[in-house]
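First comes the structure, then the notes that go with it.
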Amino acid sequence: MPRITPNLWFDTAGLDAAEFYCSVFPNSKITNVSHYGEAGPREAGMVLTVDFELDGQPFTAINGGPEFTFDEAVSLLIDCADQKEVDYYWDKLTEGGEESQCGWLKDKYGMSWQVVPAALGELMTDPDEGRAQRAMKAMLGMKKLDVAALQAAADRG
């Protein structure tokens with residue numbers, strides 16, 4: 001099966017965004033940068049695409065112009081092992097961006113991310129429906145997800 005590579009549309013910040021994302025995620029790198037030529041449609045020499053990998057997952061950033069912007073209909077989910085990872089990614093990605101709710105945020109480039117601890121999945125699929133519902137209710141009241149608070153909420157009952 002061919003590999004699927006998400007393409008992220010930017011106005012002009014593709015290289016800046018790729019460099020930022022590579023600085024946040026371990027084992028990440030920019031693999032190629034292409035530029036517009038004389039044929040256009042943008043200024044010759046301007047960055048056209050940036051191919052990069054975030055911990056082995058390929059992405060392409062394209063500087064396609066201001067016609068399209070990111071929205072919450074598409075987000076990138078970070079499956080975090082624990083609270084320490086949640087805190088790290090949340091802090092890095094909200095720098096210059098904005099917090100939302102239920103573990104969602106927008107980074108400074110407008111990309112939506114979900115920063116989710118593994119414990120959330122375990123709590124949401126708990127065979128005890130009451131525990132799962134209490135964890136869900138607690139999550140709905142949070143911005144950054146707090147593993148200890150989610151577990152404490154699930155255990156009340």
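Here, A, B, ... name the chains of the structure tokens in the order displayed, residue numbers run from 1 inside each chain, and ligands are numbered from 1 in the same displayed order.
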
Please provide the set of residues having any atom within 9 Å of segment 130-139 of chain A, restricted to only C-alpha atoms, with same-chain residues fewer than 4 positions apart removed, written as an MDAnalysis selection string.
chainID A and resid 101:103 120 122:126 143:146 149:157

Run DSSP on the backbone and give me the residues of segment 10-153 of chain A it puts in alpha helix (DSSP H), as a ChimeraX atom specification.
/A:14-24,83-94,118-124,129-140,147-153

Contact table segment 23-48 of chain A vs segment 71-87 of chain A, cut-off 12 Å, shortest pair per residue, only C-alpha atoms, as a tab-separated table:
residue	atom	partner	partner_atom	distance
A:Val24	CA	A:Glu85	CA	11.5
A:Phe25	CA	A:Ile78	CA	10.2
A:Pro26	CA	A:Glu85	CA	11.8

Please produce a file of those selected residues containing N, CA and C atoms, as a compact mmCIF listing (two decimals), in the first residue's frame.
# COMPACT_ATOMS: atom_id res chain seq x y z
N VAL A 24 9.97 20.41 18.19
CA VAL A 24 9.10 19.94 19.27
C VAL A 24 9.12 18.42 19.40
N PHE A 25 9.10 17.72 18.28
CA PHE A 25 8.98 16.26 18.29
C PHE A 25 10.34 15.60 18.12
N PRO A 26 10.63 14.57 18.93
CA PRO A 26 11.91 13.86 18.81
C PRO A 26 12.01 13.12 17.48

What is the distance between atom CA of Ala61 of chain A and atom CA of Gly45 of chain A, in Å to one decimal?
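Pair atom CA of Ala61 of chain A / atom CA of Gly45 of chain A returns 16.0 Å.
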
Would you return as an NGL selection string the members of chain A that DSSP assigns to strand (DSSP E) on this structure's backbone?
:A and (7-10 or 29-35 or 47-54 or 57-63 or 75-80 or 98-99 or 104-106 or 112-117)

What separation in Å, quoted to one decimal, exists between atom CA of Glu53 of chain A and atom CA of Asp16 of chain A?
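Computing it gives 14.2 Å between the two atoms.
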
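Across A:Leu15, A:Pro117, A:Asp128, A:Glu95, the tightest approach to Met46 of chain A is made by A:Leu15 when counting only C-alpha atoms.
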
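Between Lys92 of chain A and the candidates A:Phe52, A:Phe68, A:Trp113, A:Phe10, the tightest atom-to-atom separation, counting only C-alpha atoms, involves A:Trp113.
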
Using only C-alpha atoms, find the one residue out of A:Glu67, A:Asp91, A:Glu38, A:Glu19 that sits nearest to Lys106 of chain A.
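That would be A:Asp91, the residue with the smallest distance to Lys106 of chain A.
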
Counting only C-alpha atoms, what is within 8 Å of segment 30-34 of chain A, bar same-chain residues fewer than 3 positions away, as a list in words?
Ala18, Glu19, Cys22, Val47, Leu48, Thr49, Val50, Asp51, Phe52 and Glu53 of chain A

Between A:Ile62, A:Val147, A:Met111, A:Ala44, which is the closest to Gly14 of chain A once you count only C-alpha atoms?
A:Ile62

Expressed in Å to a single decimal, how great is the separation between atom CA of Ala17 of chain A and atom CA of Lys108 of chain A?
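For atom CA of Ala17 of chain A relative to atom CA of Lys108 of chain A, the distance reads 8.7 Å.
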